[in-house]
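What follows is the content of work.txt (compact mmCIF, C-alpha atoms and all ligand atoms).
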# COMPACT_ATOMS: atom_id res chain seq x y z
CA MET L 26 325.77 148.73 9.94
CA LYS L 27 327.49 151.78 11.48
CA VAL L 28 331.20 151.17 12.05
CA VAL L 29 332.37 152.08 15.55
CA THR L 30 335.80 153.73 15.69
CA THR L 31 337.34 153.62 19.14
CA LEU L 32 339.75 156.27 20.43
CA GLY L 33 342.62 153.81 20.14
CA GLN L 34 341.79 152.91 16.54
CA PHE L 35 341.36 156.57 15.62
CA ILE L 36 344.72 157.60 17.06
CA LEU L 37 346.46 154.79 15.18
CA GLU L 38 344.65 155.74 11.94
CA LYS L 39 345.72 159.37 12.46
CA GLN L 40 349.23 158.48 13.62
CA ALA L 41 350.69 160.40 10.67
CA ASP L 42 349.06 163.55 12.11
CA PHE L 43 351.40 163.34 15.07
CA PRO L 44 354.91 164.10 13.81
CA TYR L 45 356.74 162.32 16.60
CA ALA L 46 357.81 158.78 17.17
CA LYS L 47 355.26 156.14 16.38
CA GLY L 48 352.95 155.26 19.20
CA GLU L 49 354.01 157.92 21.73
CA LEU L 50 350.79 159.95 21.44
CA SER L 51 348.77 156.77 21.30
CA ARG L 52 350.14 155.65 24.64
CA LEU L 53 349.76 159.11 26.21
CA LEU L 54 346.13 159.44 25.19
CA ARG L 55 345.53 155.79 26.08
CA ASP L 56 346.82 156.51 29.59
CA ILE L 57 344.61 159.60 29.87
CA GLY L 58 341.62 157.65 28.52
CA ILE L 59 342.10 154.88 31.10
CA ALA L 60 342.26 157.36 33.98
CA ALA L 61 339.20 159.15 32.58
CA LYS L 62 337.19 155.90 32.64
CA ILE L 63 338.18 155.27 36.25
CA VAL L 64 337.33 158.83 37.29
CA ASN L 65 334.08 158.60 35.32
CA ARG L 66 333.07 155.53 37.32
CA GLU L 67 333.50 157.45 40.58
CA VAL L 68 331.89 160.67 39.31
CA ASN L 69 328.88 158.72 38.09
CA LYS L 70 328.27 157.12 41.47
CA ALA L 71 329.52 160.05 43.58
CA GLY L 72 326.10 160.32 45.16
CA LEU L 73 326.31 156.73 46.33
CA ALA L 74 329.88 156.25 47.37
CA ASP L 75 331.34 158.03 50.36
CA ILE L 76 333.37 160.19 48.04
CA LEU L 77 331.38 163.40 48.03
CA GLY L 78 332.21 166.43 50.03
CA GLU L 79 335.40 167.96 51.32
CA ALA L 80 338.65 166.03 51.56
CA GLY L 81 339.65 168.31 54.42
CA THR L 82 342.71 169.55 52.49
CA THR L 83 343.33 172.67 50.41
CA ASN L 84 345.17 173.01 47.08
CA VAL L 85 347.75 175.58 46.04
CA GLN L 86 344.90 177.92 45.17
CA GLY L 87 343.77 177.76 48.79
CA GLU L 88 340.59 176.08 47.57
CA GLY L 89 338.99 173.34 49.66
CA GLN L 90 339.70 170.06 47.87
CA LYS L 91 336.73 167.82 47.23
CA LYS L 92 337.43 164.12 47.71
CA LEU L 93 336.84 163.56 43.99
CA ASP L 94 339.42 166.26 43.17
CA VAL L 95 342.03 164.34 45.10
CA TYR L 96 340.90 160.98 43.71
CA ALA L 97 340.97 162.25 40.10
CA ASN L 98 344.38 163.81 40.59
CA GLU L 99 345.78 160.54 41.93
CA GLN L 100 344.29 158.50 39.08
CA PHE L 101 345.70 160.69 36.31
CA ILE L 102 349.13 160.95 37.91
CA SER L 103 349.25 157.19 38.44
CA ALA L 104 348.19 156.42 34.85
CA LEU L 105 350.78 158.85 33.45
CA LYS L 106 353.48 157.50 35.78
CA HIS L 107 352.97 153.92 34.63
CA GLY L 108 352.44 154.76 30.95
CA GLY L 109 356.10 155.56 30.38
CA GLU L 110 355.67 158.56 28.05
CA CYS L 111 355.49 161.38 30.60
CA CYS L 112 358.48 162.95 32.39
CA ILE L 113 356.60 165.67 34.27
CA VAL L 114 353.01 166.08 35.41
CA ALA L 115 351.82 169.56 36.43
CA SER L 116 348.46 169.71 38.16
CA GLU L 117 346.15 172.37 39.54
CA GLU L 118 346.06 170.27 42.71
CA ASN L 119 349.82 170.33 43.34
CA ASP L 120 351.91 173.33 44.37
CA ASP L 121 354.90 172.22 42.30
CA TYR L 122 355.31 170.05 39.21
CA ILE L 123 355.72 166.30 39.72
CA PRO L 124 358.84 164.74 38.13
CA ILE L 125 358.20 161.20 36.86
CA GLU L 126 361.40 159.24 37.51
CA SER L 127 360.51 155.59 37.03
CA GLU L 128 362.50 153.08 34.99
CA VAL L 129 359.67 152.86 32.45
CA SER L 130 359.74 156.65 32.01
CA LYS L 131 363.49 157.11 31.67
CA ASP L 132 363.25 158.14 27.99
CA ALA L 133 359.95 159.99 28.37
CA ARG L 134 359.66 163.17 26.32
CA TYR L 135 356.26 164.55 27.30
CA ILE L 136 354.97 167.04 29.82
CA VAL L 137 351.29 166.83 30.82
CA ALA L 138 349.67 169.82 32.51
CA MET L 139 346.18 169.20 33.82
CA ASP L 140 343.21 170.28 35.84
CA PRO L 141 342.14 166.82 36.98
CA LEU L 142 338.62 167.80 37.96
CA ASP L 143 337.56 171.24 36.82
CA GLY L 144 334.30 172.66 38.14
CA SER L 145 334.54 170.60 41.29
CA SER L 146 332.33 173.06 43.17
CA ASN L 147 329.53 171.53 41.08
CA ILE L 148 330.17 167.92 42.09
CA ASP L 149 327.76 167.91 45.03
CA VAL L 150 324.94 169.34 42.93
CA ASN L 151 325.29 166.84 40.08
CA VAL L 152 326.35 169.32 37.43
CA ALA L 153 328.85 168.39 34.68
CA VAL L 154 332.51 168.53 35.69
CA GLY L 155 335.59 167.89 33.58
CA THR L 156 339.29 167.13 33.20
CA ILE L 157 341.45 169.46 31.09
CA PHE L 158 344.88 168.43 29.81
CA SER L 159 347.67 170.02 27.81
CA ILE L 160 350.61 168.10 26.31
CA TYR L 161 354.07 169.48 25.50
CA ARG L 162 357.34 167.88 24.45
CA ARG L 163 360.24 168.68 26.74
CA LYS L 164 362.62 171.28 25.28
CA SER L 165 365.66 170.25 27.34
CA ALA L 166 367.71 167.63 25.55
CA GLU L 167 369.09 165.64 28.45
CA GLY L 168 369.11 165.34 32.20
CA LYS L 169 366.04 165.88 34.29
CA ALA L 170 363.18 167.87 32.78
CA THR L 171 362.58 171.06 34.78
CA ILE L 172 359.98 173.79 35.26
CA THR L 173 361.35 175.43 32.09
CA ASP L 174 360.01 172.44 30.17
CA VAL L 175 356.59 173.11 31.72
CA LEU L 176 356.38 176.89 31.26
CA GLN L 177 356.06 176.85 27.48
CA ARG L 178 353.78 179.13 25.46
CA GLY L 179 350.42 177.74 24.40
CA THR L 180 351.58 177.70 20.78
CA GLU L 181 354.07 174.97 21.77
CA GLN L 182 351.39 172.47 22.77
CA VAL L 183 351.54 169.23 20.77
CA ALA L 184 348.10 168.09 21.94
CA ALA L 185 345.31 169.22 24.25
CA GLY L 186 341.95 167.90 25.30
CA TYR L 187 339.26 167.60 27.90
CA VAL L 188 336.95 164.99 29.35
CA ILE L 189 333.42 166.10 30.25
CA TYR L 190 331.59 163.95 32.81
CA GLY L 191 328.04 164.97 31.93
CA SER L 192 324.84 163.30 30.72
CA SER L 193 327.35 161.28 28.74
CA THR L 194 331.11 161.19 29.17
CA MET L 195 333.13 162.55 26.27
CA LEU L 196 336.81 162.95 25.49
CA VAL L 197 337.59 165.78 23.03
CA TYR L 198 341.14 166.37 21.81
CA THR L 199 343.33 167.94 19.14
CA THR L 200 346.92 167.37 17.98
CA GLY L 201 346.77 170.47 15.78
CA LYS L 202 344.93 168.75 12.92
CA GLY L 203 341.35 169.52 13.91
CA VAL L 204 339.21 168.50 16.86
CA ASN L 205 337.49 165.15 17.38
CA GLY L 206 335.07 164.04 20.09
CA PHE L 207 334.61 160.52 21.52
CA THR L 208 331.71 159.37 23.65
CA LEU L 209 332.24 156.67 26.27
CA ASP L 210 330.16 153.57 25.57
CA PRO L 211 329.97 151.99 29.02
CA SER L 212 328.73 148.71 27.55
CA ILE L 213 332.15 148.15 25.94
CA GLY L 214 334.21 150.53 28.08
CA GLU L 215 335.52 152.36 25.03
CA PHE L 216 335.53 155.98 23.91
CA CYS L 217 333.90 155.85 20.45
CA LEU L 218 334.16 158.55 17.74
CA SER L 219 330.89 160.50 17.91
CA HIS L 220 331.83 164.07 16.88
CA ALA L 221 334.29 163.96 13.96
CA ASP L 222 336.07 167.16 12.91
CA MET L 223 334.24 169.49 15.33
CA LYS L 224 333.75 173.04 14.03
CA LEU L 225 332.59 175.96 16.16
CA PRO L 226 330.12 178.29 14.35
CA GLU L 227 331.76 181.67 13.60
CA ASP L 228 328.65 183.39 14.94
CA GLY L 229 326.84 182.31 18.05
CA PHE L 230 323.87 183.45 20.09
CA ILE L 231 324.85 182.35 23.59
CA TYR L 232 326.92 184.39 26.00
CA SER L 233 328.30 182.80 29.15
CA ILE L 234 329.64 184.89 32.04
CA ASN L 235 329.05 185.11 35.79
CA GLU L 236 327.04 188.34 35.84
CA GLY L 237 327.13 188.28 39.62
CA ASN L 238 330.51 189.99 39.22
CA TYR L 239 329.03 192.70 36.97
CA VAL L 240 329.87 195.71 39.14
CA HIS L 241 333.55 194.79 39.10
CA PHE L 242 333.82 193.99 35.39
CA PRO L 243 335.94 196.19 33.13
CA ASP L 244 333.74 198.73 31.30
CA GLY L 245 334.44 196.93 28.01
CA VAL L 246 332.87 193.75 29.41
CA LYS L 247 329.87 195.69 30.73
CA LYS L 248 329.38 197.23 27.28
CA TYR L 249 329.62 193.82 25.63
CA ILE L 250 327.02 192.32 27.99
CA LYS L 251 324.66 195.19 27.20
CA TYR L 252 325.35 194.63 23.47
CA CYS L 253 324.29 190.99 23.89
CA GLN L 254 321.07 192.07 25.60
CA VAL L 255 319.90 194.66 23.03
CA GLU L 256 316.91 193.69 20.85
CA ASP L 257 318.16 193.52 17.25
CA LYS L 258 316.51 190.94 14.99
CA LYS L 259 319.09 191.39 12.23
CA THR L 260 321.88 190.11 14.46
CA GLY L 261 319.76 187.64 16.41
CA ARG L 262 319.92 189.62 19.62
CA PRO L 263 319.19 189.53 22.48
CA TYR L 264 321.44 186.48 22.85
CA THR L 265 320.69 183.74 25.33
CA SER L 266 322.58 183.72 28.64
CA ARG L 267 323.86 180.35 29.83
CA TYR L 268 326.32 179.89 32.69
CA ILE L 269 327.02 176.46 34.18
CA GLY L 270 330.00 177.41 36.31
CA SER L 271 332.12 174.55 34.97
CA MET L 272 334.51 175.85 32.33
CA VAL L 273 334.60 172.49 30.53
CA ALA L 274 330.79 172.39 30.30
CA ASP L 275 330.46 176.03 29.21
CA VAL L 276 333.18 175.73 26.56
CA HIS L 277 331.88 172.33 25.36
CA ARG L 278 328.38 173.75 24.86
CA ASN L 279 329.79 176.63 22.84
CA LEU L 280 331.99 174.26 20.81
CA ILE L 281 328.83 172.45 19.73
CA LYS L 282 326.26 175.28 19.56
CA GLY L 283 328.40 178.40 19.13
CA GLY L 284 328.72 181.10 21.74
CA ILE L 285 331.21 182.99 23.89
CA PHE L 286 332.51 182.24 27.38
CA ILE L 287 334.12 185.10 29.27
CA TYR L 288 335.92 185.08 32.60
CA PRO L 289 337.36 188.61 32.76
CA VAL L 290 339.40 190.24 35.47
CA THR L 291 337.24 191.14 38.46
CA ALA L 292 337.89 192.80 41.81
CA GLY L 293 338.26 189.35 43.35
CA ALA L 294 340.45 188.08 40.51
CA PRO L 295 342.54 191.03 39.26
CA ASN L 296 344.47 188.71 36.91
CA GLY L 297 341.46 186.61 36.00
CA LYS L 298 340.44 183.41 37.79
CA LEU L 299 341.24 180.70 35.27
CA ARG L 300 344.74 179.28 34.99
CA LEU L 301 346.73 179.82 31.84
CA VAL L 302 348.78 176.59 31.78
CA TYR L 303 346.14 173.93 32.35
CA GLU L 304 342.81 175.63 31.60
CA CYS L 305 343.14 178.59 29.19
CA ASN L 306 345.91 177.28 26.92
CA PRO L 307 344.46 173.81 26.26
CA MET L 308 340.95 175.19 25.74
CA ALA L 309 342.32 177.91 23.44
CA PHE L 310 344.21 175.32 21.36
CA ILE L 311 341.07 173.20 20.99
CA VAL L 312 338.76 176.13 20.18
CA GLU L 313 341.18 177.64 17.62
CA GLN L 314 341.53 174.23 15.97
CA ALA L 315 337.73 174.15 15.71
CA GLY L 316 337.68 177.58 14.00
CA GLY L 317 337.08 179.72 17.08
CA ARG L 318 339.10 182.41 18.85
CA ALA L 319 340.57 182.83 22.34
CA SER L 320 342.16 185.92 23.90
CA ASN L 321 342.53 187.68 27.21
CA GLY L 322 340.48 190.53 25.74
CA TYR L 323 343.54 191.99 24.09
CA GLU L 324 346.06 189.29 23.11
CA ARG L 325 345.79 185.75 21.78
CA ILE L 326 345.85 183.32 24.71
CA LEU L 327 348.31 180.97 22.97
CA ASP L 328 350.85 183.78 22.54
CA LEU L 329 350.90 184.84 26.18
CA ASP L 330 354.17 184.50 28.07
CA VAL L 331 354.01 181.73 30.68
CA ASP L 332 355.92 182.79 33.79
CA ALA L 333 354.43 180.64 36.52
CA LEU L 334 352.74 177.26 36.80
CA HIS L 335 349.53 178.55 38.42
CA GLN L 336 349.47 181.87 36.56
CA ARG L 337 345.96 183.18 35.91
CA SER L 338 344.52 184.92 32.86
CA ALA L 339 341.33 186.57 31.75
CA ILE L 340 339.72 184.59 28.92
CA PHE L 341 337.31 185.43 26.09
CA ILE L 342 336.78 182.21 24.13
CA GLY L 343 334.34 180.87 21.55
CA SER L 344 332.79 181.86 18.24
CA LYS L 345 335.29 183.96 16.31
CA ASN L 346 333.00 186.91 15.54
CA MET L 347 331.64 187.08 19.08
CA VAL L 348 335.13 187.18 20.59
CA LYS L 349 336.17 189.83 18.06
CA LYS L 350 333.16 191.97 19.04
CA ALA L 351 334.03 191.67 22.72
CA GLU L 352 337.66 192.61 21.94
CA GLU L 353 336.41 195.71 20.09
CA MET L 354 334.49 196.74 23.22
CA MET L 355 337.57 196.14 25.37
CA ALA L 356 339.73 198.26 23.03
CA SER L 357 337.16 201.08 23.10
CA PHE L 358 336.13 201.08 26.75
CA SER L 359 338.90 199.30 28.68
CA PRO L 360 342.08 199.89 26.67
CA GLN L 361 344.96 197.58 27.60
CA GLY L 362 346.73 198.71 30.72
CA THR L 363 343.51 199.88 32.35
CA LYS L 364 343.49 199.17 36.05
CA LYS L 365 340.03 198.63 37.53
CA THR L 366 339.35 200.75 40.60
CA PHE L 367 336.18 200.89 42.62
CA GLU L 368 335.64 204.49 41.40
CA GLY L 369 336.06 203.70 37.75
CA GLU L 370 338.84 202.80 35.38
CA VAL L 371 342.20 204.50 35.33
CA VAL L 372 344.17 204.02 32.09
CA LEU L 373 347.82 203.58 33.05
CA GLN L 374 350.37 205.32 30.82
P1 LIG R 401 332.77 181.42 39.34
C1 LIG R 401 335.24 176.12 38.55
O1 LIG R 401 335.51 176.36 39.92
C2 LIG R 401 336.05 177.12 37.72
O2 LIG R 401 337.40 176.96 37.95
C3 LIG R 401 335.71 176.96 36.24
O3 LIG R 401 335.43 175.66 35.89
C4 LIG R 401 334.50 177.86 36.09
O4 LIG R 401 334.36 178.37 34.77
C5 LIG R 401 334.79 178.99 37.07
O5 LIG R 401 335.67 178.45 38.07
C6 LIG R 401 333.53 179.49 37.75
O6 LIG R 401 333.91 180.55 38.59
O7 LIG R 401 333.54 182.52 40.01
O8 LIG R 401 331.84 181.94 38.27
O9 LIG R 401 332.09 180.49 40.30
If you convert what's in this file into structure tokens, what do you get?
Amino acid sequence: MKVVTTLGQFILEKQADFPYAKGELSRLLRDIGIAAKIVNREVNKAGLADILGEAGTTNVQGEGQKKLDVYANEQFISALKHGGECCIVASEENDDYIPIESEVSKDARYIVAMDPLDGSSNIDVNVAVGTIFSIYRRKSAEGKATITDVLQRGTEQVAAGYVIYGSSTMLVYTTGKGVNGFTLDPSIGEFCLSHADMKLPEDGFIYSINEGNYVHFPDGVKKYIKYCQVEDKKTGRPYTSRYIGSMVADVHRNLIKGGIFIYPVTAGAPNGKLRLVYECNPMAFIVEQAGGRASNGYERILDLDVDALHQRSAIFIGSKNMVKKAEEMMASFSPQGTKKTFEGEVVLQ
């Protein structure tokens, strides 16, 4: 009979992988797992409950907040508040970070940065959405944790993960010792180990980018797209194009099948659209741990300086050799420091 390993059991078995006090990670991931189950319940019946559509508010990005965005944000913040391990929550949905100052959290050492419901524009059309989270330990020794504890480089993450609410609901995470995936079994309400030691193929045959922005892409991206589309049996080209429009879903597909996801700078997003702290860094940590690669086209995502909570970045992430090829095109056709103009590309000195 197949033995079922739940998320809780797995974390305890792997406790030695997490070099900090016993049980801290277990409780953090337990709290995240609980909130994920609650959000999953609402996402799964979104079509039925009066929870679809606009909440009538906007987030710091100026984006209309969907009711489920707000609901998910509240659930994760509440779970982390009551779990006692988290001293700050930073969320895409909140302008500033949220200090957790409850009695149960007085000795809390962890910062959680999250996108509570990524891809929310897809909620109303029943396409997979996700939660992305990144976990740091506070650097400050005493007193209240501050924004400095939040704005740490991606290399400082102690754990990262995502939940994908799709045809099944999965939680995928890493603590720096590989990547493991757990599928929610609704019949027992537990995340069960289903994808042990996930490895991303070094070569892939799927490219994922919103080609609607083609005219405004850097020339290096345009060249890479054309490279993907050329007929060349030896290298398995033309590749297949797949774009879901939910970063979690596009990255998850590539994690399993191989492939590259690119969100470059565009005219509408001169610094990229995706956020470094709670989208690019956690996904980069996970993908690197699974043998992949993640950069902004020039530099490793995890090495980028973090200057602001909602800072954006271009991202090229996925199969190592595909990302390397795209970086070669960027170096040749859009050398670093190139500013995109409507007439062409001007390389700044
Ligand atoms: P576009 C969803 O809104 C999101 O933040 C990511 O999940 C997704 O990859 C990206 O934006 C899609 O952006 O401009 O292609 O619609």
Compute the set of protein, DNA and RNA residues whose minimum atom distance to ligand LIG 401 (chain R) is at most 7 Å, using only C-alpha atoms and all ligand atoms, and state it as a PDB file with C-alpha atoms, in the frame of the given file.
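Output below, filename part32.pdb:
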ATOM      1  CA  ASP L 143     337.560 171.240  36.820  1.00  0.00           C
ATOM      2  CA  GLY L 144     334.300 172.660  38.140  1.00  0.00           C
ATOM      3  CA  SER L 145     334.540 170.600  41.290  1.00  0.00           C
ATOM      4  CA  SER L 146     332.330 173.060  43.170  1.00  0.00           C
ATOM      5  CA  ASN L 235     329.050 185.110  35.790  1.00  0.00           C
ATOM      6  CA  GLY L 270     330.000 177.410  36.310  1.00  0.00           C
ATOM      7  CA  SER L 271     332.120 174.550  34.970  1.00  0.00           C
ATOM      8  CA  MET L 272     334.510 175.850  32.330  1.00  0.00           C
ATOM      9  CA  VAL L 273     334.600 172.490  30.530  1.00  0.00           C
ATOM     10  CA  LYS L 298     340.440 183.410  37.790  1.00  0.00           C
ATOM     11  CA  LEU L 299     341.240 180.700  35.270  1.00  0.00           C
TER      12      LEU L 299
END
Which of L:Gln361, L:Ser159, L:Ser338, L:Gln86 sits closest to Pro289 (chain L) [using only C-alpha atoms]: L:Ser338
Taking into account only C-alpha atoms, which residue in the set L:Ser130, L:Pro263, L:Pro307, L:Asp56 is nearest to Lys251 (chain L)?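 Distance minimum relative to Lys251 (chain L) lands on L:Pro263.
Nearest to Glu181 (chain L) of all the residues L:Ile160, L:Ile326, L:Ala80, L:Ala292 is L:Ile160, counting all atoms listed in the file.
You will find CA of Asn205 (chain L) at 7.4 Å from CA of Leu218 (chain L).
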For Glu128 (chain L): contacts at 9 Å, all atoms listed in the file, fewer than 3 positions along chain excluded, given as JSON, numbers by chain: {"L": [109, 131, 132]}
How close does region 281-311 of chain L get to region 340-356 of chain L? List, as CSV, each residue of region 281-311 of chain L within 7 Å, its nearest atom pair and the distance in Å to one decimal, counting all atoms listed in the file.
residue,atom,partner,partner_atom,distance
L:Gly283,CA,L:Ser344,CA,5.7
L:Gly284,CA,L:Ser344,CA,5.4
L:Ile285,CA,L:Gly343,CA,4.4
L:Phe286,CA,L:Ile342,CA,5.4
L:Ile287,CA,L:Phe341,CA,4.5
L:Tyr288,CA,L:Ile340,CA,5.3
L:Pro289,CA,L:Ile340,CA,6.0
L:Cys305,CA,L:Ile340,CA,6.9
Quick one: write out the picked residues with C-alpha atoms as a PDB file, in the frame of the given file?
ATOM      1  CA  GLY L 283     328.400 178.400  19.130  1.00  0.00           C
ATOM      2  CA  GLY L 284     328.720 181.100  21.740  1.00  0.00           C
ATOM      3  CA  ILE L 285     331.210 182.990  23.890  1.00  0.00           C
ATOM      4  CA  PHE L 286     332.510 182.240  27.380  1.00  0.00           C
ATOM      5  CA  ILE L 287     334.120 185.100  29.270  1.00  0.00           C
ATOM      6  CA  TYR L 288     335.920 185.080  32.600  1.00  0.00           C
ATOM      7  CA  PRO L 289     337.360 188.610  32.760  1.00  0.00           C
ATOM      8  CA  CYS L 305     343.140 178.590  29.190  1.00  0.00           C
TER       9      CYS L 305
END
For the atom pair CA of Ile63 (chain L) and CA of Gln90 (chain L), what is the interatomic distance in Å to one decimal place?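 Between these atoms lies a distance of 18.9 Å.
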Within 10 Å of Ser103 (chain L) using only C-alpha atoms, minus same-chain residues under 5 positions, as a list in words: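 The residues that qualify are Asp56, Ala60, Ala97, Asn98, Gly108 and Ile125 of chain L.
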Of L:Ala115, L:Ile148, L:Val137, L:Cys253, the one sitting nearest Leu93 (chain L) when using only C-alpha atoms is L:Ile148
